[in-house]
2 protein chains.
Amino acid sequence: MDDLRTARTTVHRVPARGVYDRAAIDAILDAAPVCHVGVVVDGQPYVMPAIHARVGDELVLHGSSASRLFRHLRSGAPACATATVVDGLVLARSAFHSSMNYRSAVVLGVAREVAQRAPKLAALEAISEHVLPGRWTDVRPPSDAELRATTVVSIRVDEASAKVRTGPPADDDADLELPVWAGVVPLELVAQPPEPDPGRVRDEPVPPYARRPPAAYLGRR
Amino acid sequence: MDDLRTARTTVHRVPARGVYDRAAIDAILDAAPVCHVGVVVDGQPYVMPAIHARVGDELVLHGSSASRLFRHLRSGAPACATATVVDGLVLARSAFHSSMNYRSAVVLGVAREVAQRAPKLAALEAISEHVLPGRWTDVRPPSDAELRATTVVSIRVDEASAKVRTGPPADDDADLELPVWAGVVPLELVAQPPEPDPGRVRDEPVPPYARRPPAAYLGRR
């Protein structure tokens with residue numbers, strides 16, 4: 001097993017929920033539409049949402065070249081990227097055991113800029129395909145000026161951990177007789193019917209990937 | 001307008017998306033099921049998901065008293081809590097203008113522990129009611145030992161900002177004639193049918209709040 005645990009990523013609280021193997025962590029990174037990226041500026045942590053993709057053992061992120069977050073990431077400062085999927089509400093019979101089912105992956109590392117044209121385009125394609133598989137080949141590709149206005153960074157996924165909670169509530173035995181319904185309410189992110197651009201000058205058919213997006217983070221209803 | 005902007009929270013990138021008034025920031029905090037909390041340990045940022053609630057001008061968070069995150073928050077170190085709602089995929093005609101519609105609120109501050117019994121219980125009730133309105137009065141309340149095992153912290157929401165993107169794609173004029181469908185695919189977090197605890201020893205009716213959770217972060221389908 002490819003174990004991504006270090007002292008910094010070992011889960012101490014509820015150790016049984018700690019997960020360190022690469023396949024499980026990769027699956028969580030793939031299953032989240034966005035991640036939250038933390039950096040430190042003058043001792044103050046900042047946490048910002050970012051759109052990501054996993055490319056092999058790398059987590060790639062893109063943003064505006066003018067953004068403070070990406071200027072900071074580019075500089076090689078320590079970073080943390082966390083992807084979380086909320087899977088359900090766990091309704092236990094006690095307040096204490098009430099919880100959520102979730103999957104969360106935490107990646108520690110240092111970002112490096114992906115500056116060269118070919119790998120940068122490949123990373124942008126991976127991010128686009130993560131968000132909406134099938135879309136990349138339909139859109140106008142980035143111009144040179146647009147590429148310059150976009151920063152892509154990459155963080156190696158080699159120090160990471162995940163926490164996962166699944167399944168029904170775990171009530172104390174003494175609470176099982178309480179007259180309280182207990183169970184799980186599953187939650188799913190679901191795509192709604194597509195809304196065409198009101199500013200359109202052509203009537204193009206809605207592509208299948210917009211009607212029923214095949215993205216890993218979406219439910220299939 | 002109650003303006004929560006400081007130099008540290010001013011949105012530089014796409015300033016038109018920056019939002020600083022308390023009502024807008026409060027609404028985003030209320031509309032997210034979880035937030036992501038950042039702290040710094042030995043210069044390394046750590047970002048962890050946490051269940052939160054807003055109580056007036058305070059953001060309250062709860063976690064295990066044994067967790068490193070909450071031990072660190074309790075110590076009064078600088079923190080950042082970010083709540084993000086992904087509202088849709090923005091399918092522009094170019095890769096560059098492809099985006100997401102989202103609302104994200106960033107709160108900077110220092111956490112203080114809510115240690116006294118009455119405000120601690122009130123915060124736990126607020127968190128429970130944020131996750132699932134109606135549930136708190138049905139569950140067994142926390143025992144003294146459970147209260148000790150739980151840490152509640154509070155961060156004043158007085159230095160914050162939000163970024164919001166809404167509406168259709170904003171394509172370059174030159175791209176409007178491209179034969180590419182453009183528009184928005186709205187996304188919604190949706191509750192699925194409740195799953196009773198397989199370990200139940202009583203058959204209790206499913207409460208209405210579990211069948212159709214009235215939580216602010218859920219779609220109503």
# chains A, B, ... in the order shown; residues from 1 in each chain; ligands from 1
>>> residues_around(residues="Glu125 (chain B)", least_positions_apart="5", cutoff="9 Å", atoms="only C-alpha atoms", output="list of chain:residue names")
A:Ala95, B:Lys120, B:His130, B:Trp136, B:Thr137
>>> residues_around(residues="region 20-30 of chain B", least_positions_apart="3", cutoff="8 Å", atoms="only C-alpha atoms", output="list in words")
Met1, Asp2, Asp3, Leu4, Arg5, Pro33, Ala53, Arg54, Ala83, Thr84, Val85, Arg103, Ser104, Ala105, His130, Ala160, Ser161, Ala162, Ala216 and Tyr217 of chain B
>>> residues_around(residues="Gly199 (chain B)", least_positions_apart="4", cutoff="10 Å", atoms="only C-alpha atoms", output="VMD selection string")
chain A and resid 168 to 171 176 182 to 183
>>> write_last_selection(atoms="N, CA and C atoms", output="mmCIF file, in the first residue's frame")
data_model
loop_
_atom_site.group_PDB
_atom_site.id
_atom_site.type_symbol
_atom_site.label_atom_id
_atom_site.label_comp_id
_atom_site.auth_asym_id
_atom_site.auth_seq_id
_atom_site.Cartn_x
_atom_site.Cartn_y
_atom_site.Cartn_z
ATOM 1 N N PRO A 168 -24.446 3.903 9.601
ATOM 2 C CA PRO A 168 -25.519 4.375 10.489
ATOM 3 C C PRO A 168 -24.960 5.029 11.742
ATOM 4 N N PRO A 169 -25.843 5.618 12.563
ATOM 5 C CA PRO A 169 -25.382 6.207 13.824
ATOM 6 C C PRO A 169 -24.791 5.147 14.736
ATOM 7 N N ALA A 170 -23.895 5.590 15.618
ATOM 8 C CA ALA A 170 -23.244 4.691 16.578
ATOM 9 C C ALA A 170 -23.670 5.121 17.965
ATOM 10 N N ASP A 171 -24.886 4.763 18.328
ATOM 11 C CA ASP A 171 -25.433 5.216 19.610
ATOM 12 C C ASP A 171 -24.918 4.382 20.769
ATOM 13 N N LEU A 176 -30.561 3.137 22.966
ATOM 14 C CA LEU A 176 -31.286 2.476 21.875
ATOM 15 C C LEU A 176 -32.789 2.389 22.130
ATOM 16 N N ALA A 182 -33.823 7.181 14.444
ATOM 17 C CA ALA A 182 -32.398 7.336 14.167
ATOM 18 C C ALA A 182 -32.093 6.736 12.802
ATOM 19 N N GLY A 183 -31.135 7.309 12.150
ATOM 20 C CA GLY A 183 -30.752 6.806 10.830
ATOM 21 C C GLY A 183 -29.907 7.831 10.109
#
>>> residues_around(residues="Leu108 (chain A)", least_positions_apart="2", cutoff="9 Å", atoms="only C-alpha atoms", output="number ranges by chain")
A: 8-9, 78-82, 106, 110, 155-161; B: 44-46
>>> residues_around(residues="Glu188 (chain A)", least_positions_apart="3", cutoff="12 Å", atoms="only C-alpha atoms", output="PDB file with N, CA and C atoms, in the first residue's frame")
ATOM      1  N   ALA A  31     -13.621  13.192  -6.057  1.00  0.00           N
ATOM      2  CA  ALA A  31     -15.059  13.244  -5.802  1.00  0.00           C
ATOM      3  C   ALA A  31     -15.527  14.605  -5.279  1.00  0.00           C
ATOM      4  N   ALA A  32     -14.625  15.555  -5.137  1.00  0.00           N
ATOM      5  CA  ALA A  32     -15.003  16.881  -4.629  1.00  0.00           C
ATOM      6  C   ALA A  32     -14.964  17.888  -5.777  1.00  0.00           C
ATOM      7  N   VAL A  85     -16.220  15.966   0.940  1.00  0.00           N
ATOM      8  CA  VAL A  85     -17.516  15.594   0.396  1.00  0.00           C
ATOM      9  C   VAL A  85     -18.423  15.269   1.574  1.00  0.00           C
ATOM     10  N   VAL A  86     -19.559  15.948   1.646  1.00  0.00           N
ATOM     11  CA  VAL A  86     -20.539  15.664   2.694  1.00  0.00           C
ATOM     12  C   VAL A  86     -21.532  14.659   2.125  1.00  0.00           C
ATOM     13  N   ASP A  87     -21.601  13.485   2.740  1.00  0.00           N
ATOM     14  CA  ASP A  87     -22.411  12.395   2.185  1.00  0.00           C
ATOM     15  C   ASP A  87     -23.756  12.216   2.872  1.00  0.00           C
ATOM     16  N   GLY A  88     -23.907  12.767   4.062  1.00  0.00           N
ATOM     17  CA  GLY A  88     -25.189  12.562   4.719  1.00  0.00           C
ATOM     18  C   GLY A  88     -25.208  13.082   6.134  1.00  0.00           C
ATOM     19  N   LEU A  89     -26.424  13.193   6.639  1.00  0.00           N
ATOM     20  CA  LEU A  89     -26.624  13.594   8.034  1.00  0.00           C
ATOM     21  C   LEU A  89     -26.855  12.334   8.851  1.00  0.00           C
ATOM     22  N   ASN A 101     -21.939  11.957   7.750  1.00  0.00           N
ATOM     23  CA  ASN A 101     -21.089  11.097   6.956  1.00  0.00           C
ATOM     24  C   ASN A 101     -20.353  11.971   5.952  1.00  0.00           C
ATOM     25  N   TYR A 102     -19.061  11.753   5.830  1.00  0.00           N
ATOM     26  CA  TYR A 102     -18.258  12.633   4.986  1.00  0.00           C
ATOM     27  C   TYR A 102     -16.976  11.909   4.597  1.00  0.00           C
ATOM     28  N   VAL A 185     -29.727  10.534   6.703  1.00  0.00           N
ATOM     29  CA  VAL A 185     -30.321  11.222   5.554  1.00  0.00           C
ATOM     30  C   VAL A 185     -29.192  11.450   4.556  1.00  0.00           C
ATOM     31  N   ALA A 191     -27.261  18.007 -10.367  1.00  0.00           N
ATOM     32  CA  ALA A 191     -27.352  19.020 -11.422  1.00  0.00           C
ATOM     33  C   ALA A 191     -28.812  19.249 -11.795  1.00  0.00           C
ATOM     34  N   ALA A 216     -17.723  13.306 -11.419  1.00  0.00           N
ATOM     35  CA  ALA A 216     -17.610  12.343 -10.316  1.00  0.00           C
ATOM     36  C   ALA A 216     -18.276  12.853  -9.044  1.00  0.00           C
ATOM     37  N   TYR A 217     -18.432  14.167  -8.917  1.00  0.00           N
ATOM     38  CA  TYR A 217     -18.961  14.715  -7.669  1.00  0.00           C
ATOM     39  C   TYR A 217     -20.483  14.876  -7.684  1.00  0.00           C
ATOM     40  N   LEU A 218     -21.121  14.457  -8.780  1.00  0.00           N
ATOM     41  CA  LEU A 218     -22.566  14.663  -8.907  1.00  0.00           C
ATOM     42  C   LEU A 218     -23.324  13.353  -8.764  1.00  0.00           C
ATOM     43  N   GLY A 219     -24.475  13.446  -8.099  1.00  0.00           N
ATOM     44  CA  GLY A 219     -25.383  12.313  -8.058  1.00  0.00           C
ATOM     45  C   GLY A 219     -26.013  12.107  -9.426  1.00  0.00           C
ATOM     46  N   ARG A 220     -26.559  10.953  -9.626  1.00  0.00           N
ATOM     47  CA  ARG A 220     -27.062  10.562 -10.957  1.00  0.00           C
ATOM     48  C   ARG A 220     -28.576  10.470 -10.951  1.00  0.00           C
ATOM     49  N   ARG A 221     -29.251  11.559 -10.626  1.00  0.00           N
ATOM     50  CA  ARG A 221     -30.709  11.493 -10.606  1.00  0.00           C
ATOM     51  C   ARG A 221     -31.308  12.252 -11.763  1.00  0.00           C
TER      52      ARG A 221
ATOM     53  N   LEU B 187     -26.401  23.711  -9.684  1.00  0.00           N
ATOM     54  CA  LEU B 187     -26.147  22.567  -8.808  1.00  0.00           C
ATOM     55  C   LEU B 187     -26.859  22.791  -7.480  1.00  0.00           C
ATOM     56  N   GLU B 188     -27.383  21.716  -6.944  1.00  0.00           N
ATOM     57  CA  GLU B 188     -28.064  21.810  -5.647  1.00  0.00           C
ATOM     58  C   GLU B 188     -27.723  20.606  -4.798  1.00  0.00           C
ATOM     59  N   LEU B 189     -27.516  20.845  -3.530  1.00  0.00           N
ATOM     60  CA  LEU B 189     -27.373  19.740  -2.584  1.00  0.00           C
ATOM     61  C   LEU B 189     -28.784  19.290  -2.209  1.00  0.00           C
ATOM     62  N   VAL B 190     -29.044  17.998  -2.376  1.00  0.00           N
ATOM     63  CA  VAL B 190     -30.406  17.488  -2.228  1.00  0.00           C
ATOM     64  C   VAL B 190     -30.399  16.321  -1.238  1.00  0.00           C
ATOM     65  N   ALA B 191     -31.387  16.314  -0.342  1.00  0.00           N
ATOM     66  CA  ALA B 191     -31.523  15.202   0.605  1.00  0.00           C
ATOM     67  C   ALA B 191     -32.230  14.043  -0.074  1.00  0.00           C
ATOM     68  N   GLN B 192     -31.726  12.855   0.170  1.00  0.00           N
ATOM     69  CA  GLN B 192     -32.328  11.634  -0.372  1.00  0.00           C
ATOM     70  C   GLN B 192     -33.212  10.989   0.709  1.00  0.00           C
ATOM     71  N   PRO B 193     -33.994   9.989   0.328  1.00  0.00           N
ATOM     72  CA  PRO B 193     -34.876   9.358   1.330  1.00  0.00           C
ATOM     73  C   PRO B 193     -34.099   8.841   2.542  1.00  0.00           C
ATOM     74  N   TYR B 217     -29.067  24.933   3.554  1.00  0.00           N
ATOM     75  CA  TYR B 217     -28.109  24.560   2.515  1.00  0.00           C
ATOM     76  C   TYR B 217     -28.654  23.510   1.551  1.00  0.00           C
ATOM     77  N   LEU B 218     -29.912  23.116   1.726  1.00  0.00           N
ATOM     78  CA  LEU B 218     -30.475  22.049   0.884  1.00  0.00           C
ATOM     79  C   LEU B 218     -31.472  22.602  -0.118  1.00  0.00           C
ATOM     80  N   GLY B 219     -31.443  22.027  -1.327  1.00  0.00           N
ATOM     81  CA  GLY B 219     -32.466  22.325  -2.309  1.00  0.00           C
ATOM     82  C   GLY B 219     -33.780  21.683  -1.911  1.00  0.00           C
ATOM     83  N   ARG B 221     -36.253  19.744  -3.520  1.00  0.00           N
ATOM     84  CA  ARG B 221     -36.868  18.942  -4.558  1.00  0.00           C
ATOM     85  C   ARG B 221     -37.519  17.678  -4.005  1.00  0.00           C
TER      86      ARG B 221
END
>>> select_by_dssp(residues="region 70-157 of chain B", states="alpha helix (DSSP H)", output="list in words")
Phe70, Arg71, His72, Leu73, Arg74, Arg117, Ala118, Pro119, Lys120, Leu121, Ala122, Ala123, Leu124, Glu125, Ala126, Ile127, Ser128, Glu129, His130, Val131, Asp144, Ala145, Glu146, Leu147 and Arg148 of chain B
>>> closest_residue(among="B:Arg117, B:Arg93, B:Arg212, B:Arg74", to="chain A", atoms="only C-alpha atoms")
B:Arg93
>>> residues_around(residues="Pro179 (chain B)", least_positions_apart="5", cutoff="12 Å", atoms="only C-alpha atoms", output="list in words")
Asp138, Val139, Arg140, Arg200, Val201, Arg202, Asp203, Glu204, Pro205, Val206 and Pro207 of chain A; Ala92, Arg93 and Ser94 of chain B
>>> atom_distance(atom1="CA of Glu113 (chain A)", atom2="CA of Glu58 (chain A)")
12.1 Å
>>> closest_residue(among="A:Leu147, A:Ala115, A:Ala122, A:Val164", to="chain B", atoms="only C-alpha atoms")
A:Leu147
>>> residues_around(residues="Pro133 (chain A)", least_positions_apart="5", cutoff="8 Å", atoms="only C-alpha atoms", output="PyMOL selection string")
chain A and resi 128+209+213-215
>>> write_last_selection(atoms="N, CA, C and O atoms", output="PDB file, in the first residue's frame")
ATOM      1  N   SER A 128     -10.661  21.263 -16.301  1.00  0.00           N
ATOM      2  CA  SER A 128     -11.932  21.378 -17.017  1.00  0.00           C
ATOM      3  C   SER A 128     -12.658  20.035 -17.036  1.00  0.00           C
ATOM      4  O   SER A 128     -13.874  19.965 -16.812  1.00  0.00           O
ATOM      5  N   TYR A 209     -23.491  16.357 -22.015  1.00  0.00           N
ATOM      6  CA  TYR A 209     -22.770  16.525 -20.744  1.00  0.00           C
ATOM      7  C   TYR A 209     -23.326  17.672 -19.922  1.00  0.00           C
ATOM      8  O   TYR A 209     -23.027  17.786 -18.724  1.00  0.00           O
ATOM      9  N   PRO A 213     -24.608  15.900 -16.421  1.00  0.00           N
ATOM     10  CA  PRO A 213     -23.143  15.997 -16.294  1.00  0.00           C
ATOM     11  C   PRO A 213     -22.540  14.731 -15.685  1.00  0.00           C
ATOM     12  O   PRO A 213     -22.952  14.305 -14.598  1.00  0.00           O
ATOM     13  N   PRO A 214     -21.566  14.126 -16.387  1.00  0.00           N
ATOM     14  CA  PRO A 214     -20.951  12.893 -15.891  1.00  0.00           C
ATOM     15  C   PRO A 214     -19.816  13.150 -14.906  1.00  0.00           C
ATOM     16  O   PRO A 214     -18.850  12.393 -14.865  1.00  0.00           O
ATOM     17  N   ALA A 215     -19.932  14.191 -14.105  1.00  0.00           N
ATOM     18  CA  ALA A 215     -18.849  14.533 -13.169  1.00  0.00           C
ATOM     19  C   ALA A 215     -18.897  13.618 -11.952  1.00  0.00           C
ATOM     20  O   ALA A 215     -19.972  13.216 -11.490  1.00  0.00           O
TER      21      ALA A 215
END
>>> atom_distance(atom1="CA of Asp197 (chain B)", atom2="CA of His36 (chain B)")
28.8 Å
>>> closest_residue(among="A:Gly63, A:Pro142, A:Gly167, A:Gly56", to="chain B", atoms="only C-alpha atoms")
A:Pro142
>>> closest_residue(among="A:Ala123, A:Val180, A:Val114, A:Cys35", to="chain B", atoms="only C-alpha atoms")
A:Val180
>>> select_by_dssp(residues="region 2-197 of chain A", states="strand (DSSP E)", output="PyMOL selection string")
chain A and resi 18-19+35-41+44-50+52-55+58-64+78-91+99-113+150-156+160-165+183-191+195-196
>>> closest_residue(among="A:Asp173, A:Val55, A:Val39, A:Pro208", to="chain B", atoms="only C-alpha atoms")
A:Val39
>>> closest_residue(among="B:Arg112, B:Arg165, B:His62, B:Arg68", to="chain A", atoms="only C-alpha atoms")
B:Arg68
